[in-house]
Amino acid sequence: MKQKIQDLAAQIFNEVVGFRQHLHANPELSFKEFQTSAFVKEKLTKWGIVFVEMANTGVVGLIKGALPSDQVIALRGDMDALPILEANDKPYKSKNPGVMHACGHDVHTSSLLGSAYILNQLKNEFAGTIKLVFQPAEEILPGGASIMIKEGVLENPKPHAMIGQHVMPLIESGKVGFRSGIYMASTDELYVTVTGKGGHGAQPHQNIDPVLITAHIIVALQQIVSRNADPRLPSVLSFGKVIANGATNVIPNEVKLEGTFRTLNEDWRKQAHSLMKKMAEGIAESMGGSCNFDIHHGYPFLINEEKVTANARQFAEDYLGAANVLDLDIWMAAEDFAYYSQVTDACFYRLGTGNVAKDTMHSVHTPNFDIDEDALKTSTGLMAYIALKQLGN
C-alpha cells in the first residue's frame with residue numbers, strides 16, 4: 001500500500017504543483033473563496049468524488065472504501081488568503097493586488113486535492129470512509145471551522161478522527177513535525193477606545209489626555225501576564241495598532257487601541273479577560289477619562305489527541321523515515337482547526353517547506369513567503385498514508 005501511494009503521489013505531483021500555482025496566482029479572502037471553491041469542485045467532479053457544499057464556499061467530499069468498515073477519517077485543508085501585497089516575482093505571483101496566499105493555504109488545498117486523487121484511485125483496496133474537508137475562512141473570526149461544525153461537517157458520517165497539516169518554512173522541505181497534547185494557543189482580539197477631552201497641546205491642564213491614559217494602560221496591562229498568570233502557563237498580550245489622530249500640538253478626543261491575547265488554558269483566559277477590562281477601565285477613570293474595552297472571543301487552544309497523534313507520527317516515520325519526523329514545541333500562534341480538536345480526536349501536524357537555496361525560509365504572513373514545491377511530494381502521499389493507516393488498513 002505504501003509503495004502504491006508513493007507511486008500515485010509521484011504520478012500526480014506535477015498536476016498538484018499546477019494546482020498550487022493556479023491557486024497562488026488567484027487568491028481570495030476569507031468567506032470570498034468562490035473561484036477556489038469552484039476549482040475544488042471541478043477536480044472532485046472530474047475524479048467522480050461526490051461532495052456537498054457547506055459554509056457558503058466550503059466543500060466536503062466523500063470517498064468510501066470498497067471493503068466493509070464503519071471507520072471514518074476526516075482530512076482538512078483551508079482555502080482562504082490574506083490581505084497582503086505579494087513581494088515575490090514569480091510566474092505564479094498573485095494576480096489580485098493586495099491579496100496573497102501568504103500562509104500556505106494554497107498548499108493545503110492543492111495537497112488535499114492530491115491526497116483525494118490518491119485515495120480515490122485506491123478505494124477498491126481499503127476499508128473505511130474518507131471525508132475531505134475543504135474549509136473557508138481560517139484567517140478571520142469566527143473561523144470557517146466553527147461554521148462548518150455548526151452545519152454538520154462532523155456528522156453523517158461522524159469521523160473518528162480529523163487530520164490537518166500546515167506549512168512551516170522553519171522546517172526543511174521533506175520533513176514534518178508533530179506534537180501531542182496542547183499545541184497552539186487560543187486567540188482573542190482586543191478593541192479598546194480611550195476617551196478624554198482634546199485640545200491644544202500647549203494647554204494640557206485644560207484637557208484630559210487620552211494619549212497619556214492609553215500609554216499607562218498599555219504598560220499596566222503587561223502586569224496581567226507578568227504578575228497574574230501562572231509563570232508555567234504561556235500567555236501573550238500584544239498591541240499592534242494605536243491610533244491617536246491628533247497632531248504635534250493637538251491632543252485628540254480619543255485613542256483607538258487594538259491587540260491580541262493568547263494563552264493555553266480556558267479558565268485563565270476568562271480570568272484574564274476580566275482583569276484586563278477592569279484594569280483598563282479603572283486607569284482611564286482615575287485619570288479623568290473613560291475606556292471601552294471590547295473583547296472579541298476567538299479560537300480556542302488546539303489540542304492534539306495523544307493516541308491519534310502518536311499513531312500519525314509513527315505512520316509518518318514509516319512513510320518518510322524517522323530522520324524526517326521532528327518533535328514540535330508549543331506554538332503561540334492560533335488556528336481555527338482548534339475547533340475540531342475541541343470536539344473530536346484530532347491531529348494537526350507541520351509540513352516542512354523551507355529550503356535555503358530556494359529562498360523559501362520567509363515566515364508565513366509576510367510578503368516574501370513562498371515554498372519549496374518539492375514539499376508537495378511529501379504532503380499528498382503522507383496525508384493519504386496517514387488516513388488509510390488510521391482507518392486500520
# chains A, B, ... in the order shown; residues from 1 in each chain; ligands from 1
>>> residues_around(residues="Asp345 of chain A", least_positions_apart="6", cutoff="7 Å", atoms="only C-alpha atoms", output="JSON, numbers by chain")
{"A": [160, 161, 162, 305, 308]}
>>> write_last_selection(atoms="C-alpha atoms", output="short mmCIF file (atom, residue, chain, number, x, y, z; two decimals), in the first residue's frame")
data_model
loop_
_atom_site.label_atom_id
_atom_site.label_comp_id
_atom_site.auth_asym_id
_atom_site.auth_seq_id
_atom_site.Cartn_x
_atom_site.Cartn_y
_atom_site.Cartn_z
CA HIS A 160 -13.45 9.03 14.40
CA ALA A 161 -10.56 11.46 13.96
CA MET A 162 -9.59 14.54 11.97
CA GLU A 305 -5.20 13.86 20.91
CA VAL A 308 -4.20 9.72 17.22
#
>>> residues_around(residues="Asp294 of chain A", least_positions_apart="3", cutoff="12 Å", atoms="only C-alpha atoms", output="PyMOL selection string")
chain A and resi 188-194+256-260+273-274+276-278+280-281+291+297
>>> atom_distance(atom1="atom CA of Ala81 of chain A", atom2="atom CA of Asn56 of chain A")
16.3 Å
>>> residues_around(residues="segment 13-29 of chain A", least_positions_apart="5", cutoff="9 Å", atoms="only C-alpha atoms", output="MDAnalysis selection string")
chainID A and resid 8 34:36 39 79:83 91:96 99:102 104:111 113:114 137 139 373:374 376:377 380
>>> write_last_selection(atoms="N, CA and C atoms", output="tab-separated table (two decimals), in the first residue's frame")
chain	number	residue	atom	x	y	z
A	8	LEU	N	1.57	6.82	-6.78
A	8	LEU	CA	0.48	7.72	-7.17
A	8	LEU	C	0.83	9.17	-6.84
A	34	PHE	N	-14.87	31.97	-3.79
A	34	PHE	CA	-15.82	31.43	-4.75
A	34	PHE	C	-15.12	30.68	-5.90
A	35	GLN	N	-14.08	31.28	-6.47
A	35	GLN	CA	-13.37	30.63	-7.56
A	35	GLN	C	-12.54	29.45	-7.05
A	36	THR	N	-11.99	29.58	-5.86
A	36	THR	CA	-11.25	28.47	-5.26
A	36	THR	C	-12.17	27.28	-5.04
A	39	PHE	N	-12.97	25.64	-8.26
A	39	PHE	CA	-11.81	24.87	-8.73
A	39	PHE	C	-11.78	23.50	-8.05
A	79	MET	N	-8.68	27.22	2.63
A	79	MET	CA	-8.63	27.75	1.26
A	79	MET	C	-8.39	29.25	1.15
A	80	ASP	N	-8.52	30.01	2.23
A	80	ASP	CA	-8.52	31.47	2.11
A	80	ASP	C	-7.11	32.07	2.13
A	81	ALA	N	-7.01	33.28	1.59
A	81	ALA	CA	-5.74	34.02	1.53
A	81	ALA	C	-5.78	35.20	2.48
A	82	LEU	N	-4.72	36.00	2.47
A	82	LEU	CA	-4.56	37.13	3.38
A	82	LEU	C	-4.52	38.46	2.64
A	83	PRO	N	-4.89	39.56	3.31
A	83	PRO	CA	-4.81	40.89	2.69
A	83	PRO	C	-3.39	41.43	2.73
A	91	PRO	N	6.36	33.51	-11.69
A	91	PRO	CA	5.30	33.40	-12.71
A	91	PRO	C	3.91	33.22	-12.11
A	92	TYR	N	3.85	32.65	-10.91
A	92	TYR	CA	2.57	32.40	-10.26
A	92	TYR	C	2.24	33.46	-9.21
A	93	LYS	N	2.88	34.61	-9.29
A	93	LYS	CA	2.61	35.71	-8.36
A	93	LYS	C	1.13	36.09	-8.38
A	94	SER	N	0.62	36.53	-7.24
A	94	SER	CA	-0.79	36.88	-7.13
A	94	SER	C	-1.23	37.88	-8.20
A	95	LYS	N	-2.35	37.56	-8.83
A	95	LYS	CA	-2.95	38.46	-9.82
A	95	LYS	C	-3.95	39.42	-9.18
A	96	ASN	N	-4.15	39.25	-7.89
A	96	ASN	CA	-5.08	40.11	-7.15
A	96	ASN	C	-4.28	41.00	-6.20
A	99	VAL	N	-3.88	40.91	-2.19
A	99	VAL	CA	-4.36	39.62	-1.67
A	99	VAL	C	-3.30	38.57	-2.01
A	100	MET	N	-2.93	37.75	-1.02
A	100	MET	CA	-1.83	36.81	-1.22
A	100	MET	C	-2.01	35.55	-0.38
A	101	HIS	N	-1.63	34.44	-0.94
A	101	HIS	CA	-1.56	33.20	-0.17
A	101	HIS	C	-0.25	33.20	0.62
A	102	ALA	N	-0.24	33.98	1.69
A	102	ALA	CA	0.97	34.15	2.49
A	102	ALA	C	1.01	33.20	3.68
A	104	GLY	N	0.09	29.75	3.10
A	104	GLY	CA	0.20	28.40	2.58
A	104	GLY	C	-1.10	27.65	2.38
A	105	HIS	N	-2.23	28.34	2.42
A	105	HIS	CA	-3.49	27.64	2.24
A	105	HIS	C	-3.65	27.11	0.81
A	106	ASP	N	-2.94	27.73	-0.13
A	106	ASP	CA	-2.91	27.17	-1.49
A	106	ASP	C	-2.24	25.80	-1.47
A	107	VAL	N	-1.23	25.66	-0.62
A	107	VAL	CA	-0.55	24.36	-0.45
A	107	VAL	C	-1.50	23.34	0.18
A	108	HIS	N	-2.22	23.77	1.20
A	108	HIS	CA	-3.12	22.85	1.91
A	108	HIS	C	-4.23	22.36	0.99
A	109	THR	N	-4.79	23.26	0.19
A	109	THR	CA	-5.88	22.88	-0.71
A	109	THR	C	-5.39	21.98	-1.82
A	110	SER	N	-4.29	22.35	-2.45
A	110	SER	CA	-3.76	21.52	-3.55
A	110	SER	C	-3.28	20.17	-3.04
A	111	SER	N	-2.71	20.16	-1.83
A	111	SER	CA	-2.26	18.88	-1.26
A	111	SER	C	-3.43	17.96	-0.97
A	113	LEU	N	-6.27	18.00	-2.48
A	113	LEU	CA	-6.73	17.51	-3.78
A	113	LEU	C	-5.87	16.34	-4.25
A	114	GLY	N	-4.56	16.46	-4.08
A	114	GLY	CA	-3.67	15.36	-4.45
A	114	GLY	C	-3.94	14.11	-3.64
A	137	ALA	N	-12.18	30.42	5.16
A	137	ALA	CA	-12.12	31.43	6.23
A	137	ALA	C	-11.43	30.98	7.51
A	139	GLU	N	-8.70	32.46	8.39
A	139	GLU	CA	-7.91	33.62	8.82
A	139	GLU	C	-8.68	34.67	9.63
A	373	GLU	N	8.44	23.75	-3.65
A	373	GLU	CA	7.33	22.93	-4.14
A	373	GLU	C	7.63	21.43	-4.09
A	374	ASP	N	8.88	21.06	-3.85
A	374	ASP	CA	9.16	19.64	-3.62
A	374	ASP	C	8.44	19.12	-2.39
A	376	LEU	N	5.46	19.28	-1.89
A	376	LEU	CA	4.20	18.70	-2.36
A	376	LEU	C	4.35	17.20	-2.64
A	377	LYS	N	5.58	16.75	-2.81
A	377	LYS	CA	5.80	15.30	-2.94
A	377	LYS	C	5.50	14.61	-1.61
A	380	THR	N	1.06	15.24	-0.21
A	380	THR	CA	-0.07	14.48	-0.76
A	380	THR	C	-0.03	13.01	-0.33
>>> residues_around(residues="segment 207-210 of chain A", least_positions_apart="2", cutoff="9 Å", atoms="only C-alpha atoms", output="list in words")
Val194, Thr195, Gly196, Lys197, Gly198, Gly199, His200, Gly201, Gln203, Pro204, His205, Leu212, Ile213, Thr214, Ala215, Ala244, Ile251, Pro252, Asn253, Glu254, Val255, Ala284, Met287, Gly288, Gly289 and Ser290 of chain A
